[in-house]
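Peer 1: First, the structure itself, so that you have it in front of you.
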Amino acid sequence: MTIAVITIDGPSASGKGTVAARVARLLGFAYLDSGALYRLTALHAKRSSVSWNDEEAVAALARALPAEFRDDAVFLAGEFVEAEIRSEEIGMGASAIAALPAVRAALLERQRAYRQAPGLVTDGRDMGSVVFPDATLKVFLTAGADVRADRRYKQLISKGDSANLPRILQDIHERDARDAARTVAPLRQEPDARLLDTSDMTVEQAVESVLAWYREASASGH
Ligand SMILES: Nc1ncnc2c1ncn2[C@@H]1O[C@H](COP(=O)(O)OP(=O)(O)O)[C@@H](O)[C@H]1O
Ligand SMILES: Nc1ccn([C@H]2C[C@H](O)[C@@H](COP(=O)(O)OP(=O)(O)O)O2)c(=O)n1
């Protein structure tokens, strides 16, 4: 029997990570935040003075990325870097290096290795289309750009960070455009992914929808 995988792809700040982590906890599955791998690679490049445009050099860093997920937090070479990788600057860097095919190839097998019994919930941009094409359930989770900017703004403020709403909205538009326009693994709803627009939903309602779809998909023998 293949190991269950639920993929949750979608645009920035739609709530993918929040929903994916809760679904994973409720099902007792592992959780992979694939965006964190791209963010860690961007941070690693910045710290190593490697340009985000230098495809071969960034791919080499990605292949040997000293990344670790521990207790819901992210470490780079043993250093706690959760706050650094969540900045909008590193988000833009992650989006830039994610457009480089050699970087995506370098991270592919590392992502697949997270598929372990009893199951995996993962979020990103291409988890259903490229990394786990045979996933049990594929969700495309989205929300309007204004709603997403507002969510990211509140998230940053609640962590005590400074945040500028118009700037966040502009970043979201830029990142959406770049993630959707790239030639490798562009962000889009695949025909076999179920659409979950959370613009008018609470986190609990979004989580319930995913769980109900997962029960349906499991019952149909996928
Ligand atoms: N209905 C909802 N579904 C998911 N997240 C929501 C919802 N409403 C508000 N949020 C909030 O949106 C913020 C961004 O969510 P996050 O999981 O970081 O998004 P993403 O992983 O897509 O970038 C979080 O603070 C989350 O609690
Ligand atoms: N599977 C993935 C995950 C992220 N990326 C890229 C594209 C995104 O702009 C960056 C950051 O992803 P992340 O999911 O952390 O970003 P958000 O939290 O949605 O703002 O990485 C990707 O190309 N493929």
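Residues are named by chain letter and number: chains run A, B, ... in the order of the structure tokens, numbers start at 1 in each chain, and ligands are numbered from 1 in the order shown.
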Please report, as JSON lines, each residue of chain A lying at most 10 Å from ligand 1, together with the nearest pair of atoms and the separation in Å rounded to one decimal; use only C-alpha atoms and all ligand atoms, and order rows by chain and ascending residue number.
Peer 2:
{"residue": "A:Ile8", "atom": "CA", "partner": "ligand 1", "partner_atom_place_in_ligand_line": "22 (O)", "distance": 9.0}
{"residue": "A:Asp9", "atom": "CA", "partner": "ligand 1", "partner_atom_place_in_ligand_line": "22 (O)", "distance": 8.2}
{"residue": "A:Gly10", "atom": "CA", "partner": "ligand 1", "partner_atom_place_in_ligand_line": "22 (O)", "distance": 6.6}
{"residue": "A:Pro11", "atom": "CA", "partner": "ligand 1", "partner_atom_place_in_ligand_line": "22 (O)", "distance": 6.2}
{"residue": "A:Ser12", "atom": "CA", "partner": "ligand 1", "partner_atom_place_in_ligand_line": "23 (O)", "distance": 4.5}
{"residue": "A:Ala13", "atom": "CA", "partner": "ligand 1", "partner_atom_place_in_ligand_line": "23 (O)", "distance": 3.3}
{"residue": "A:Ser14", "atom": "CA", "partner": "ligand 1", "partner_atom_place_in_ligand_line": "22 (O)", "distance": 3.9}
{"residue": "A:Gly15", "atom": "CA", "partner": "ligand 1", "partner_atom_place_in_ligand_line": "19 (O)", "distance": 3.3}
{"residue": "A:Lys16", "atom": "CA", "partner": "ligand 1", "partner_atom_place_in_ligand_line": "22 (O)", "distance": 3.8}
{"residue": "A:Gly17", "atom": "CA", "partner": "ligand 1", "partner_atom_place_in_ligand_line": "21 (O)", "distance": 3.6}
{"residue": "A:Thr18", "atom": "CA", "partner": "ligand 1", "partner_atom_place_in_ligand_line": "17 (O)", "distance": 3.6}
{"residue": "A:Val19", "atom": "CA", "partner": "ligand 1", "partner_atom_place_in_ligand_line": "4 (C)", "distance": 5.5}
{"residue": "A:Ala20", "atom": "CA", "partner": "ligand 1", "partner_atom_place_in_ligand_line": "17 (O)", "distance": 7.8}
{"residue": "A:Ala21", "atom": "CA", "partner": "ligand 1", "partner_atom_place_in_ligand_line": "17 (O)", "distance": 8.4}
{"residue": "A:Arg22", "atom": "CA", "partner": "ligand 1", "partner_atom_place_in_ligand_line": "17 (O)", "distance": 9.9}
{"residue": "A:Asp33", "atom": "CA", "partner": "ligand 1", "partner_atom_place_in_ligand_line": "21 (O)", "distance": 8.0}
{"residue": "A:Ser34", "atom": "CA", "partner": "ligand 1", "partner_atom_place_in_ligand_line": "21 (O)", "distance": 9.7}
{"residue": "A:Gly35", "atom": "CA", "partner": "ligand 1", "partner_atom_place_in_ligand_line": "21 (O)", "distance": 8.0}
{"residue": "A:Ala36", "atom": "CA", "partner": "ligand 1", "partner_atom_place_in_ligand_line": "21 (O)", "distance": 9.6}
{"residue": "A:Arg86", "atom": "CA", "partner": "ligand 1", "partner_atom_place_in_ligand_line": "18 (O)", "distance": 9.1}
{"residue": "A:Gly91", "atom": "CA", "partner": "ligand 1", "partner_atom_place_in_ligand_line": "23 (O)", "distance": 9.8}
{"residue": "A:Asp123", "atom": "CA", "partner": "ligand 1", "partner_atom_place_in_ligand_line": "21 (O)", "distance": 7.2}
{"residue": "A:Gly124", "atom": "CA", "partner": "ligand 1", "partner_atom_place_in_ligand_line": "21 (O)", "distance": 7.6}
{"residue": "A:Arg125", "atom": "CA", "partner": "ligand 1", "partner_atom_place_in_ligand_line": "22 (O)", "distance": 9.6}
{"residue": "A:Leu141", "atom": "CA", "partner": "ligand 1", "partner_atom_place_in_ligand_line": "22 (O)", "distance": 7.8}
{"residue": "A:Thr142", "atom": "CA", "partner": "ligand 1", "partner_atom_place_in_ligand_line": "22 (O)", "distance": 7.8}
{"residue": "A:Ala143", "atom": "CA", "partner": "ligand 1", "partner_atom_place_in_ligand_line": "1 (N)", "distance": 8.4}
{"residue": "A:Val147", "atom": "CA", "partner": "ligand 1", "partner_atom_place_in_ligand_line": "9 (C)", "distance": 8.5}
{"residue": "A:Arg148", "atom": "CA", "partner": "ligand 1", "partner_atom_place_in_ligand_line": "12 (O)", "distance": 6.9}
{"residue": "A:Ala149", "atom": "CA", "partner": "ligand 1", "partner_atom_place_in_ligand_line": "14 (C)", "distance": 8.8}
{"residue": "A:Asp150", "atom": "CA", "partner": "ligand 1", "partner_atom_place_in_ligand_line": "12 (O)", "distance": 8.1}
{"residue": "A:Arg151", "atom": "CA", "partner": "ligand 1", "partner_atom_place_in_ligand_line": "12 (O)", "distance": 4.4}
{"residue": "A:Arg152", "atom": "CA", "partner": "ligand 1", "partner_atom_place_in_ligand_line": "14 (C)", "distance": 5.3}
{"residue": "A:Tyr153", "atom": "CA", "partner": "ligand 1", "partner_atom_place_in_ligand_line": "13 (C)", "distance": 8.4}
{"residue": "A:Lys154", "atom": "CA", "partner": "ligand 1", "partner_atom_place_in_ligand_line": "25 (O)", "distance": 6.8}
{"residue": "A:Gln155", "atom": "CA", "partner": "ligand 1", "partner_atom_place_in_ligand_line": "25 (O)", "distance": 4.5}
{"residue": "A:Leu156", "atom": "CA", "partner": "ligand 1", "partner_atom_place_in_ligand_line": "25 (O)", "distance": 8.1}
{"residue": "A:Ile157", "atom": "CA", "partner": "ligand 1", "partner_atom_place_in_ligand_line": "25 (O)", "distance": 9.9}
{"residue": "A:Ser158", "atom": "CA", "partner": "ligand 1", "partner_atom_place_in_ligand_line": "25 (O)", "distance": 8.5}
{"residue": "A:Lys159", "atom": "CA", "partner": "ligand 1", "partner_atom_place_in_ligand_line": "25 (O)", "distance": 9.7}
{"residue": "A:Leu196", "atom": "CA", "partner": "ligand 1", "partner_atom_place_in_ligand_line": "3 (N)", "distance": 9.6}
{"residue": "A:Asp197", "atom": "CA", "partner": "ligand 1", "partner_atom_place_in_ligand_line": "1 (N)", "distance": 8.6}
{"residue": "A:Thr198", "atom": "CA", "partner": "ligand 1", "partner_atom_place_in_ligand_line": "1 (N)", "distance": 4.8}
{"residue": "A:Ser199", "atom": "CA", "partner": "ligand 1", "partner_atom_place_in_ligand_line": "1 (N)", "distance": 6.6}
{"residue": "A:Asp200", "atom": "CA", "partner": "ligand 1", "partner_atom_place_in_ligand_line": "1 (N)", "distance": 6.9}
{"residue": "A:Met201", "atom": "CA", "partner": "ligand 1", "partner_atom_place_in_ligand_line": "1 (N)", "distance": 4.4}
{"residue": "A:Thr202", "atom": "CA", "partner": "ligand 1", "partner_atom_place_in_ligand_line": "1 (N)", "distance": 3.8}
{"residue": "A:Val203", "atom": "CA", "partner": "ligand 1", "partner_atom_place_in_ligand_line": "2 (C)", "distance": 3.8}
{"residue": "A:Glu204", "atom": "CA", "partner": "ligand 1", "partner_atom_place_in_ligand_line": "1 (N)", "distance": 7.2}
{"residue": "A:Gln205", "atom": "CA", "partner": "ligand 1", "partner_atom_place_in_ligand_line": "1 (N)", "distance": 6.9}
{"residue": "A:Ala206", "atom": "CA", "partner": "ligand 1", "partner_atom_place_in_ligand_line": "3 (N)", "distance": 5.7}
{"residue": "A:Val207", "atom": "CA", "partner": "ligand 1", "partner_atom_place_in_ligand_line": "3 (N)", "distance": 7.7}
Peer 1: Produce a file of the selected residues containing N, CA and C atoms, as a compact mmCIF listing (two decimals), in the first residue's frame.
Peer 2:
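And here is the file that came out, out-v3.txt:
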# COMPACT_ATOMS: atom_id res chain seq x y z
N ILE A 8 -1.12 20.52 -0.33
CA ILE A 8 -1.86 21.78 -0.26
C ILE A 8 -1.01 22.85 -0.94
N ASP A 9 -1.37 23.16 -2.18
CA ASP A 9 -0.63 24.18 -2.93
C ASP A 9 -1.48 25.43 -3.04
N GLY A 10 -0.80 26.56 -3.26
CA GLY A 10 -1.55 27.80 -3.42
C GLY A 10 -0.65 29.01 -3.28
N PRO A 11 -1.22 30.20 -3.46
CA PRO A 11 -0.42 31.42 -3.42
C PRO A 11 -0.03 31.84 -2.00
N SER A 12 0.83 32.84 -1.95
CA SER A 12 1.40 33.33 -0.70
C SER A 12 0.32 33.80 0.28
N ALA A 13 0.50 33.45 1.54
CA ALA A 13 -0.35 33.92 2.64
C ALA A 13 -1.82 33.51 2.52
N SER A 14 -2.07 32.44 1.80
CA SER A 14 -3.46 31.98 1.68
C SER A 14 -3.86 31.16 2.92
N GLY A 15 -2.87 30.70 3.68
CA GLY A 15 -3.17 29.91 4.88
C GLY A 15 -2.76 28.45 4.74
N LYS A 16 -1.99 28.15 3.69
CA LYS A 16 -1.58 26.76 3.42
C LYS A 16 -0.89 26.12 4.61
N GLY A 17 0.12 26.82 5.13
CA GLY A 17 0.93 26.24 6.21
C GLY A 17 0.10 26.00 7.46
N THR A 18 -0.73 26.98 7.80
CA THR A 18 -1.56 26.87 9.00
C THR A 18 -2.50 25.68 8.88
N VAL A 19 -3.16 25.56 7.73
CA VAL A 19 -4.12 24.47 7.52
C VAL A 19 -3.38 23.13 7.45
N ALA A 20 -2.27 23.09 6.70
CA ALA A 20 -1.53 21.83 6.52
C ALA A 20 -1.02 21.32 7.87
N ALA A 21 -0.47 22.20 8.68
CA ALA A 21 0.08 21.76 9.98
C ALA A 21 -1.02 21.22 10.88
N ARG A 22 -2.19 21.86 10.86
CA ARG A 22 -3.30 21.37 11.73
C ARG A 22 -3.83 20.04 11.24
N ASP A 33 6.87 21.69 5.23
CA ASP A 33 6.69 23.05 4.72
C ASP A 33 7.74 23.23 3.61
N SER A 34 7.36 22.92 2.36
CA SER A 34 8.38 22.93 1.30
C SER A 34 8.89 24.35 1.03
N GLY A 35 8.02 25.36 1.27
CA GLY A 35 8.46 26.74 1.07
C GLY A 35 9.65 27.07 1.96
N ALA A 36 9.69 26.44 3.15
CA ALA A 36 10.80 26.70 4.07
C ALA A 36 12.13 26.27 3.44
N ARG A 86 11.24 34.05 7.52
CA ARG A 86 9.85 34.50 7.30
C ARG A 86 9.78 35.96 6.83
N GLY A 91 11.41 35.98 1.47
CA GLY A 91 10.31 35.45 0.66
C GLY A 91 10.51 35.78 -0.81
N ASP A 123 2.81 21.43 2.07
CA ASP A 123 2.28 22.61 1.37
C ASP A 123 3.37 23.30 0.58
N GLY A 124 2.95 23.95 -0.51
CA GLY A 124 3.91 24.65 -1.36
C GLY A 124 3.26 25.16 -2.63
N ARG A 125 3.94 24.98 -3.76
CA ARG A 125 3.41 25.45 -5.04
C ARG A 125 3.22 24.29 -6.03
N LEU A 141 -5.34 25.73 -2.32
CA LEU A 141 -5.90 26.60 -1.30
C LEU A 141 -5.58 28.05 -1.63
N THR A 142 -6.63 28.87 -1.73
CA THR A 142 -6.39 30.26 -2.10
C THR A 142 -7.30 31.20 -1.32
N ALA A 143 -7.11 32.49 -1.54
CA ALA A 143 -7.97 33.53 -0.98
C ALA A 143 -7.65 34.79 -1.79
N VAL A 147 -7.31 39.84 1.03
CA VAL A 147 -7.47 39.01 2.24
C VAL A 147 -6.12 38.45 2.65
N ARG A 148 -5.35 37.99 1.67
CA ARG A 148 -4.03 37.40 1.97
C ARG A 148 -3.07 38.44 2.54
N ALA A 149 -3.10 39.66 1.97
CA ALA A 149 -2.22 40.73 2.47
C ALA A 149 -2.59 41.04 3.93
N ASP A 150 -3.88 41.08 4.19
CA ASP A 150 -4.35 41.37 5.54
C ASP A 150 -3.91 40.28 6.53
N ARG A 151 -4.00 39.03 6.08
CA ARG A 151 -3.59 37.90 6.94
C ARG A 151 -2.09 37.98 7.25
N ARG A 152 -1.29 38.24 6.21
CA ARG A 152 0.16 38.31 6.44
C ARG A 152 0.50 39.48 7.36
N TYR A 153 -0.19 40.62 7.15
CA TYR A 153 0.03 41.81 7.98
C TYR A 153 -0.22 41.47 9.46
N LYS A 154 -1.39 40.86 9.72
CA LYS A 154 -1.72 40.53 11.11
C LYS A 154 -0.76 39.51 11.69
N GLN A 155 -0.33 38.58 10.86
CA GLN A 155 0.61 37.54 11.31
C GLN A 155 1.93 38.18 11.74
N LEU A 156 2.44 39.13 10.93
CA LEU A 156 3.71 39.78 11.24
C LEU A 156 3.57 40.64 12.50
N ILE A 157 2.47 41.39 12.59
CA ILE A 157 2.25 42.25 13.76
C ILE A 157 2.16 41.39 15.03
N SER A 158 1.47 40.26 14.93
CA SER A 158 1.30 39.43 16.13
C SER A 158 2.63 38.85 16.60
N LYS A 159 3.60 38.76 15.66
CA LYS A 159 4.92 38.25 16.07
C LYS A 159 5.82 39.38 16.56
N LEU A 196 -10.06 25.21 -2.75
CA LEU A 196 -10.55 25.65 -1.44
C LEU A 196 -10.27 27.16 -1.32
N ASP A 197 -11.30 27.97 -1.54
CA ASP A 197 -11.16 29.42 -1.42
C ASP A 197 -11.54 29.79 0.01
N THR A 198 -10.54 30.21 0.79
CA THR A 198 -10.77 30.44 2.23
C THR A 198 -11.06 31.91 2.54
N SER A 199 -11.34 32.72 1.49
CA SER A 199 -11.55 34.16 1.72
C SER A 199 -12.55 34.42 2.84
N ASP A 200 -13.64 33.63 2.84
CA ASP A 200 -14.68 33.84 3.85
C ASP A 200 -14.76 32.68 4.84
N MET A 201 -13.64 32.01 5.06
CA MET A 201 -13.66 30.85 5.98
C MET A 201 -12.76 31.11 7.17
N THR A 202 -13.09 30.44 8.27
CA THR A 202 -12.17 30.43 9.41
C THR A 202 -11.16 29.30 9.16
N VAL A 203 -10.09 29.31 9.95
CA VAL A 203 -9.10 28.24 9.84
C VAL A 203 -9.79 26.89 10.10
N GLU A 204 -10.65 26.85 11.10
CA GLU A 204 -11.32 25.58 11.47
C GLU A 204 -12.15 25.05 10.29
N GLN A 205 -12.87 25.94 9.62
CA GLN A 205 -13.69 25.50 8.47
C GLN A 205 -12.81 24.97 7.35
N ALA A 206 -11.66 25.64 7.13
CA ALA A 206 -10.76 25.18 6.07
C ALA A 206 -10.20 23.80 6.42
N VAL A 207 -9.83 23.62 7.68
CA VAL A 207 -9.28 22.34 8.13
C VAL A 207 -10.34 21.24 7.98
Peer 1: If DSSP is run on the backbone, what residues of stretch 31-181 of chain A are strand (DSSP E)? A reply as an mmCIF file with N, CA and C atoms, in the first residue's frame would be ideal.
Peer 2:
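So the final result, stored in out.cif, reads:
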data_model
loop_
_atom_site.group_PDB
_atom_site.id
_atom_site.type_symbol
_atom_site.label_atom_id
_atom_site.label_comp_id
_atom_site.auth_asym_id
_atom_site.auth_seq_id
_atom_site.Cartn_x
_atom_site.Cartn_y
_atom_site.Cartn_z
ATOM 1 N N TYR A 31 4.514 16.648 8.713
ATOM 2 C CA TYR A 31 4.213 17.866 7.951
ATOM 3 C C TYR A 31 5.498 18.382 7.316
ATOM 4 N N LEU A 32 5.442 18.680 6.020
ATOM 5 C CA LEU A 32 6.588 19.295 5.334
ATOM 6 C C LEU A 32 6.173 20.646 4.766
ATOM 7 N N ASP A 33 6.868 21.691 5.227
ATOM 8 C CA ASP A 33 6.687 23.051 4.717
ATOM 9 C C ASP A 33 7.742 23.227 3.613
ATOM 10 N N ALA A 67 19.793 21.922 6.426
ATOM 11 C CA ALA A 67 18.508 22.319 7.000
ATOM 12 C C ALA A 67 17.986 21.247 7.933
ATOM 13 N N GLU A 68 17.274 21.700 8.944
ATOM 14 C CA GLU A 68 16.705 20.766 9.898
ATOM 15 C C GLU A 68 15.385 21.334 10.421
ATOM 16 N N PHE A 69 14.351 20.478 10.503
ATOM 17 C CA PHE A 69 13.078 20.893 11.105
ATOM 18 C C PHE A 69 12.990 20.183 12.455
ATOM 19 N N ARG A 70 12.849 20.977 13.505
ATOM 20 C CA ARG A 70 12.822 20.387 14.842
ATOM 21 C C ARG A 70 11.808 21.137 15.692
ATOM 22 N N ALA A 73 10.172 24.189 14.367
ATOM 23 C CA ALA A 73 11.009 25.336 14.045
ATOM 24 C C ALA A 73 12.073 24.914 13.035
ATOM 25 N N VAL A 74 12.689 25.916 12.417
ATOM 26 C CA VAL A 74 13.597 25.667 11.310
ATOM 27 C C VAL A 74 15.019 26.085 11.682
ATOM 28 N N PHE A 75 15.985 25.220 11.361
ATOM 29 C CA PHE A 75 17.386 25.492 11.690
ATOM 30 C C PHE A 75 18.241 25.397 10.427
ATOM 31 N N LEU A 76 19.214 26.295 10.313
ATOM 32 C CA LEU A 76 20.178 26.259 9.223
ATOM 33 C C LEU A 76 21.562 26.108 9.851
ATOM 34 N N GLU A 79 21.576 26.628 13.461
ATOM 35 C CA GLU A 79 21.145 27.922 14.006
ATOM 36 C C GLU A 79 19.645 28.121 13.802
ATOM 37 N N PHE A 80 18.960 28.606 14.819
ATOM 38 C CA PHE A 80 17.523 28.864 14.765
ATOM 39 C C PHE A 80 17.284 30.079 13.858
ATOM 40 N N GLY A 119 1.750 8.859 7.187
ATOM 41 C CA GLY A 119 1.357 9.742 6.102
ATOM 42 C C GLY A 119 2.013 11.103 6.213
ATOM 43 N N LEU A 120 1.796 11.912 5.178
ATOM 44 C CA LEU A 120 2.439 13.226 5.091
ATOM 45 C C LEU A 120 1.431 14.266 4.607
ATOM 46 N N VAL A 121 1.484 15.439 5.223
ATOM 47 C CA VAL A 121 0.760 16.597 4.693
ATOM 48 C C VAL A 121 1.830 17.608 4.327
ATOM 49 N N THR A 122 1.741 18.170 3.132
ATOM 50 C CA THR A 122 2.783 19.075 2.691
ATOM 51 C C THR A 122 2.180 20.259 1.957
ATOM 52 N N ASP A 123 2.809 21.431 2.069
ATOM 53 C CA ASP A 123 2.280 22.606 1.371
ATOM 54 C C ASP A 123 3.368 23.297 0.576
ATOM 55 N N GLY A 124 2.952 23.952 -0.510
ATOM 56 C CA GLY A 124 3.909 24.648 -1.361
ATOM 57 C C GLY A 124 3.257 25.164 -2.626
ATOM 58 N N LEU A 137 -4.832 13.101 -1.838
ATOM 59 C CA LEU A 137 -5.709 14.269 -1.987
ATOM 60 C C LEU A 137 -4.854 15.472 -2.345
ATOM 61 N N LYS A 138 -5.304 16.219 -3.374
ATOM 62 C CA LYS A 138 -4.604 17.447 -3.762
ATOM 63 C C LYS A 138 -5.557 18.620 -3.590
ATOM 64 N N VAL A 139 -5.086 19.626 -2.854
ATOM 65 C CA VAL A 139 -5.912 20.805 -2.589
ATOM 66 C C VAL A 139 -5.205 22.029 -3.161
ATOM 67 N N PHE A 140 -5.971 22.899 -3.813
ATOM 68 C CA PHE A 140 -5.450 24.212 -4.211
ATOM 69 C C PHE A 140 -6.128 25.209 -3.288
ATOM 70 N N LEU A 141 -5.342 25.729 -2.325
ATOM 71 C CA LEU A 141 -5.903 26.599 -1.296
ATOM 72 C C LEU A 141 -5.584 28.052 -1.629
ATOM 73 N N THR A 142 -6.632 28.873 -1.731
ATOM 74 C CA THR A 142 -6.387 30.260 -2.099
ATOM 75 C C THR A 142 -7.299 31.195 -1.319
#
Peer 1: From the set A:Ala135, A:Ile85, A:Ala212, A:Ala217, which residue has the shortest atom-to-atom contact distance to ligand 2, counting only C-alpha atoms and all ligand atoms?
Peer 2: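 So, comparing all the options, the nearest one is A:Ile85.
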Peer 1: Neighbouring residues of A:Ala105 were defined as those with any atom within 10 Å, considering only C-alpha atoms; residues of the same chain fewer than 3 positions away were excluded. Please report them as a list in words.
Peer 2: Ala59, Ala62, Arg63, Leu100, Pro101, Ala102, Leu108, Glu109 and Arg110 of chain A
